[in-house]
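**Q** Provided herewith: start.txt, compact mmCIF, C-alpha atoms and all ligand atoms.
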# COMPACT_ATOMS: atom_id res chain seq x y z
CA MET A 290 75.08 74.73 128.48
CA LEU A 291 76.12 72.32 125.68
CA PRO A 292 75.76 68.59 126.43
CA ARG A 293 79.14 66.91 127.01
CA ALA A 294 80.28 65.01 123.91
CA MET A 295 80.99 61.37 124.78
CA LEU A 296 83.42 59.34 122.68
CA ARG A 297 83.64 55.58 122.57
CA LEU A 298 87.34 55.00 123.11
CA VAL A 299 89.58 51.93 122.88
CA GLU A 300 92.95 53.38 123.89
CA ILE A 301 95.17 56.43 124.10
CA PHE A 302 98.92 56.03 123.87
CA ASN A 303 102.10 57.90 123.07
CA SER A 304 104.39 56.52 120.39
CA ILE A 305 105.92 57.42 117.06
CA GLN A 306 103.84 57.72 113.91
CA GLY A 307 104.49 54.50 112.02
CA GLU A 308 103.07 55.38 108.61
CA GLY A 309 102.80 58.07 105.96
CA THR A 310 104.77 61.26 105.55
CA HIS A 311 104.77 61.95 109.31
CA SER A 312 106.40 58.57 109.92
CA GLY A 313 108.96 58.55 112.72
CA LEU A 314 107.64 61.64 114.54
CA PRO A 315 106.49 61.46 118.19
CA CYS A 316 102.71 61.32 118.13
CA ALA A 317 99.79 60.67 120.48
CA PHE A 318 97.23 58.15 119.27
CA VAL A 319 93.52 58.20 120.06
CA ARG A 320 91.94 54.93 118.96
CA LEU A 321 88.15 55.02 118.74
CA ALA A 322 85.83 52.03 118.94
CA ALA A 323 83.85 50.21 116.23
CA CYS A 324 84.36 49.64 112.52
CA ASN A 325 81.96 49.20 109.62
CA LEU A 326 84.39 47.04 107.59
CA ARG A 327 86.15 43.72 108.16
CA CYS A 328 89.41 43.76 106.19
CA GLY A 329 91.16 40.39 106.04
CA TYR A 330 94.49 41.88 107.24
CA CYS A 331 93.06 44.03 110.06
CA ASP A 332 95.62 44.34 112.88
CA THR A 333 93.24 46.06 115.31
CA PRO A 334 90.21 43.76 115.64
CA TYR A 335 90.21 44.64 119.36
CA SER A 336 88.74 47.99 118.25
CA PHE A 337 85.51 46.38 116.96
CA GLY A 338 83.73 46.45 120.35
CA LYS A 339 81.84 49.26 122.07
CA GLY A 340 84.85 50.74 123.89
CA GLU A 341 84.82 52.90 126.99
CA LYS A 342 82.75 56.10 127.18
CA ARG A 343 84.94 59.17 127.62
CA THR A 344 84.34 62.90 127.42
CA VAL A 345 86.17 64.94 124.79
CA GLU A 346 87.65 67.02 127.63
CA SER A 347 89.19 63.98 129.36
CA VAL A 348 90.74 62.80 126.06
CA LEU A 349 92.23 66.27 125.49
CA GLN A 350 93.72 66.29 129.00
CA GLU A 351 95.29 62.83 128.61
CA VAL A 352 96.86 63.74 125.27
CA ASP A 353 98.08 67.13 126.53
CA ALA A 354 100.00 65.30 129.28
CA PHE A 355 102.23 63.58 126.67
CA GLY A 356 103.64 66.93 125.56
CA VAL A 357 103.78 66.03 121.84
CA ARG A 358 102.64 68.21 118.91
CA HIS A 359 101.12 65.52 116.67
CA VAL A 360 97.95 63.60 117.39
CA CYS A 361 96.50 60.80 115.27
CA ILE A 362 92.81 59.94 115.47
CA THR A 363 92.39 56.34 114.42
CA GLY A 364 90.25 53.25 114.95
CA GLY A 365 88.29 51.22 114.09
CA GLU A 366 86.62 53.82 111.94
CA PRO A 367 86.59 57.21 113.72
CA MET A 368 83.95 58.71 111.40
CA LEU A 369 81.29 56.39 112.86
CA GLN A 370 81.32 58.91 115.75
CA LEU A 371 80.94 61.85 113.41
CA GLU A 372 79.70 64.55 115.77
CA GLU A 373 81.97 63.72 118.69
CA VAL A 374 85.10 63.13 116.63
CA THR A 375 84.58 66.40 114.74
CA ARG A 376 84.40 68.22 118.06
CA LEU A 377 87.56 66.42 119.25
CA MET A 378 89.48 67.35 116.10
CA GLU A 379 88.34 70.99 116.31
CA SER A 380 89.62 71.12 119.89
CA PHE A 381 93.01 69.68 118.94
CA VAL A 382 93.30 72.16 116.05
CA GLN A 383 92.52 75.04 118.44
CA ARG A 384 95.34 73.78 120.68
CA ASN A 385 97.74 73.96 117.68
CA TYR A 386 98.28 70.23 117.27
CA THR A 387 99.03 68.74 113.86
CA VAL A 388 96.00 66.47 113.61
CA LEU A 389 95.98 63.33 111.47
CA LEU A 390 92.75 61.43 110.81
CA GLU A 391 93.12 57.79 109.71
CA THR A 392 89.91 56.76 107.99
CA ASN A 393 88.66 54.07 105.64
CA GLY A 394 86.87 56.73 103.57
CA THR A 395 83.47 55.03 103.60
CA ILE A 396 81.73 57.89 105.46
CA SER A 397 81.61 61.49 104.25
CA LEU A 398 84.56 63.61 105.39
CA ALA A 399 82.77 66.88 104.60
CA SER A 400 82.62 68.00 108.24
CA ILE A 401 86.34 67.58 108.93
CA PRO A 402 88.14 70.83 109.87
CA GLU A 403 90.26 71.93 106.91
CA GLN A 404 93.50 71.92 108.97
CA VAL A 405 93.21 68.17 109.62
CA VAL A 406 95.42 65.87 107.53
CA LYS A 407 93.16 63.19 106.10
CA VAL A 408 94.90 59.83 105.65
CA MET A 409 92.32 57.94 103.63
CA ASP A 410 92.73 54.20 103.18
CA VAL A 411 91.08 53.15 99.90
CA LYS A 412 90.06 49.52 100.38
CA THR A 413 91.10 47.07 97.67
CA PRO A 414 89.05 44.08 96.42
CA ASP A 415 91.32 41.32 97.77
CA GLY A 416 91.68 43.21 101.06
CA LEU A 417 87.91 42.92 101.53
CA GLY A 418 87.71 39.45 99.96
CA MET A 419 85.43 40.59 97.11
CA ALA A 420 85.63 40.71 93.32
CA PRO A 421 86.38 44.18 91.91
CA ASP A 422 83.13 44.22 89.92
CA ASP A 423 81.02 42.88 92.80
CA GLU A 424 78.20 45.35 93.30
CA ARG A 425 78.61 45.00 97.09
CA PHE A 426 82.28 45.99 96.84
CA LEU A 427 81.54 49.04 94.70
CA ARG A 428 78.77 50.13 97.05
CA THR A 429 80.64 49.69 100.33
CA HIS A 430 84.39 50.14 99.89
CA LEU A 431 84.45 53.95 99.53
CA ASP A 432 82.29 57.07 99.63
CA TYR A 433 83.49 58.40 96.28
CA SER A 434 82.44 61.97 97.14
CA ASN A 435 85.42 62.00 99.53
CA LEU A 436 87.78 62.12 96.55
CA ASP A 437 86.52 65.65 95.83
CA LEU A 438 87.34 66.73 99.39
CA LEU A 439 91.03 65.81 99.23
CA THR A 440 93.67 68.56 99.27
CA THR A 441 97.45 68.58 98.84
CA ARG A 442 97.68 68.24 102.63
CA ASP A 443 96.06 64.80 102.48
CA GLU A 444 97.33 61.27 101.88
CA VAL A 445 95.65 58.31 100.17
CA LYS A 446 96.79 54.83 101.12
CA PHE A 447 96.31 51.45 99.46
CA VAL A 448 97.08 48.31 101.46
CA VAL A 449 98.16 45.89 98.74
CA THR A 450 97.63 42.20 99.46
CA SER A 451 98.30 40.66 96.00
CA ARG A 452 99.25 41.36 92.37
CA ALA A 453 95.55 41.84 91.57
CA ASP A 454 95.28 44.45 94.34
CA TYR A 455 98.40 46.18 93.01
CA GLU A 456 96.98 46.44 89.49
CA TRP A 457 93.59 47.57 90.80
CA SER A 458 95.27 50.29 92.93
CA ARG A 459 97.44 51.45 90.02
CA GLU A 460 94.32 51.80 87.85
CA PHE A 461 92.43 53.63 90.61
CA VAL A 462 95.22 56.21 90.91
CA GLU A 463 95.05 56.89 87.16
CA GLN A 464 91.28 56.77 86.73
CA HIS A 465 90.62 59.23 89.53
CA GLY A 466 93.57 61.56 88.85
CA LEU A 467 94.81 61.08 92.41
CA ARG A 468 98.15 62.78 91.80
CA MET A 469 96.32 66.06 91.21
CA ARG A 470 94.01 65.63 94.18
CA CYS A 471 96.20 64.79 97.17
CA GLY A 472 99.71 65.32 98.53
CA GLN A 473 100.85 61.71 98.85
CA ILE A 474 99.89 58.34 97.43
CA LEU A 475 101.00 55.50 99.67
CA PHE A 476 101.27 51.84 98.64
CA SER A 477 101.63 49.62 101.67
CA PRO A 478 102.34 45.86 101.48
CA SER A 479 99.94 43.87 103.66
CA TRP A 480 102.21 42.65 106.50
CA SER A 481 101.61 38.89 106.24
CA GLU A 482 100.48 38.70 102.61
CA LEU A 483 102.98 40.53 100.42
CA GLU A 484 106.75 40.92 100.70
CA PRO A 485 107.81 44.59 100.63
CA SER A 486 110.53 43.69 98.09
CA GLN A 487 107.89 42.32 95.70
CA LEU A 488 105.84 45.51 95.90
CA VAL A 489 108.96 47.64 95.34
CA GLU A 490 109.84 45.53 92.28
CA TRP A 491 106.40 46.08 90.71
CA ILE A 492 106.50 49.84 91.42
CA LEU A 493 109.95 50.22 89.87
CA GLU A 494 109.02 48.10 86.84
CA ASP A 495 106.01 50.36 86.19
CA ARG A 496 107.89 53.57 87.09
CA LEU A 497 104.99 54.39 89.36
CA ALA A 498 105.24 57.70 91.24
CA VAL A 499 103.91 56.46 94.57
CA ARG A 500 105.53 56.20 98.00
CA VAL A 501 106.17 52.75 99.49
CA ASN A 502 104.75 52.84 103.00
CA LEU A 503 106.07 50.40 105.60
CA GLN A 504 104.62 50.21 109.10
CA LEU A 505 107.60 51.42 111.13
CA HIS A 506 106.10 50.47 114.51
CA LYS A 507 105.96 46.79 113.47
CA TYR A 508 109.70 46.80 112.76
CA VAL A 509 110.43 48.51 116.10
CA TRP A 510 108.13 46.48 118.40
CA GLY A 511 107.12 43.44 116.33
CA PRO A 512 103.85 42.81 114.50
CA GLU A 513 101.85 41.47 117.45
CA THR A 514 102.42 44.36 119.88
CA ALA A 515 99.31 46.52 120.41
CA GLY A 516 99.15 50.04 121.83
CA VAL A 517 102.41 51.23 120.27
S1 LIG A 601 88.90 49.58 108.16
FE1 LIG A 601 90.71 49.45 109.47
S2 LIG A 601 89.94 48.95 111.54
FE2 LIG A 601 88.29 48.50 110.04
S3 LIG A 601 88.54 46.32 109.57
FE3 LIG A 601 89.67 47.48 108.00
S4 LIG A 601 91.77 47.61 108.79
FE4 LIG A 601 90.45 47.02 110.53
Show me this structure written as structure tokens.
Ligand code: SF4
**A**
Amino acid sequence: MLPRAMLRLVEIFNSIQGEGTHSGLPCAFVRLAACNLRCGYCDTPYSFGKGEKRTVESVLQEVDAFGVRHVCITGGEPMLQLEEVTRLMESFVQRNYTVLLETNGTISLASIPEQVVKVMDVKTPDGLGMAPDDERFLRTHLDYSNLDLLTTRDEVKFVVTSRADYEWSREFVEQHGLRMRCGQILFSPSWSELEPSQLVEWILEDRLAVRVNLQLHKYVWGPETAGV
């Protein structure tokens, strides 16, 4: 008999998807514990701890009870629990859920089932409080091999905190041919650091073919409300 896979879990809740191309759809969220980064704008620092141990089966049962067809695996950084989270995603796929994985892209995504929608957040220099040419930034902000694993099903997100982040993100999209690699490129203004109108102005000025991504849940429930 296979050993039971144990996940370290922060919370499970039912809400609407607040971001990306599935925005607005009813969706169950499974937030896993721990993160290997410390972004200045992080709105889920309560996920940094060890979390509660839960079996994959108990997570599946709790999500099934919501009766929704979308499930989003988020964190923290879910890929820190590679084996267990892969098993969880495979189980959701078998149950015909549309599965979204929100990840910071710093750990290889090679084991992810192909049906899963990868929403990969490429971390920007100002977001991590580092210079763009800082060797530590280049070494830690992304596993670049993940760019080769993207498909047209997937989304790449940049949380833009400043003009410098905007320019860096714009260059990254061009340098790595992102339009040919993934289905959607999302530029999201950091909630407390950049006005959405400013980001829109820059995008229109540059005629940039990216999607402005606002966090819908923060407009519905306010920026401080967790578990929604
Ligand atoms: S990767 Fe996500 S969870 Fe981790 S610190 Fe950054 S914003 Fe927070």
**Q** For ligand LIG 601 (chain A), return the neighbouring residues as a ChimeraX atom specification (distance at most 10 Å; all atoms listed in the file).
**A** /A:320-337,363-367,391-395,410-412,416-417,430,448
**Q** Neighbours of stretch 476-493 of chain A within 10 Å (all atoms listed in the file; same-chain residues fewer than 2 positions away dropped), as a PyMOL selection string?
**A** chain A and resi 308-309+329-332+410+416+445-452+455-456+458-459+473-474+495-504+507+512
**Q** Using all atoms listed in the file, pick whichever of A:Ile305, A:Leu431, A:Asp443, A:Gly511 has the shortest atom-to-atom distance to A:Phe355.
**A**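 Among the listed residues, A:Ile305 lies closest to A:Phe355.
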**Q** With all atoms listed in the file as the counted atoms, please give the residues lying no more than 10 Å from A:Ala354, apart from itself and same-chain residues fewer than 4 positions off, as a PDB file with C-alpha atoms, in the frame of the given file.
**A**
ATOM      1  CA  ASN A 303     102.100  57.900 123.070  1.00  0.00           C
ATOM      2  CA  ALA A 317      99.790  60.670 120.480  1.00  0.00           C
ATOM      3  CA  LEU A 349      92.230  66.270 125.490  1.00  0.00           C
ATOM      4  CA  GLN A 350      93.720  66.290 129.000  1.00  0.00           C
TER       5      GLN A 350
END
**Q** For atom CA of A:Phe318 and atom CA of A:Leu390, determine how far apart the two atoms are, in Å to one decimal place.
**A**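 We find that atom CA of A:Phe318 and atom CA of A:Leu390 lie 10.1 Å from each other.
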**Q** Select, from A:Gln464, A:Ser400, A:Gln383, A:Gln306, the residue with the minimum atom-to-atom distance to A:Val360, counting all atoms listed in the file.
**A** A:Gln306
**Q** So how many Å separate atom CA of A:Cys471 and atom CA of A:Thr440, to one decimal?
**A** 5.0 Å
**Q** For a test of reading the model, state the distance in Å between atom CA of A:Lys407 and atom CA of A:Asp454, rounded to one decimal.
**A**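 It comes out at 22.2 Å.
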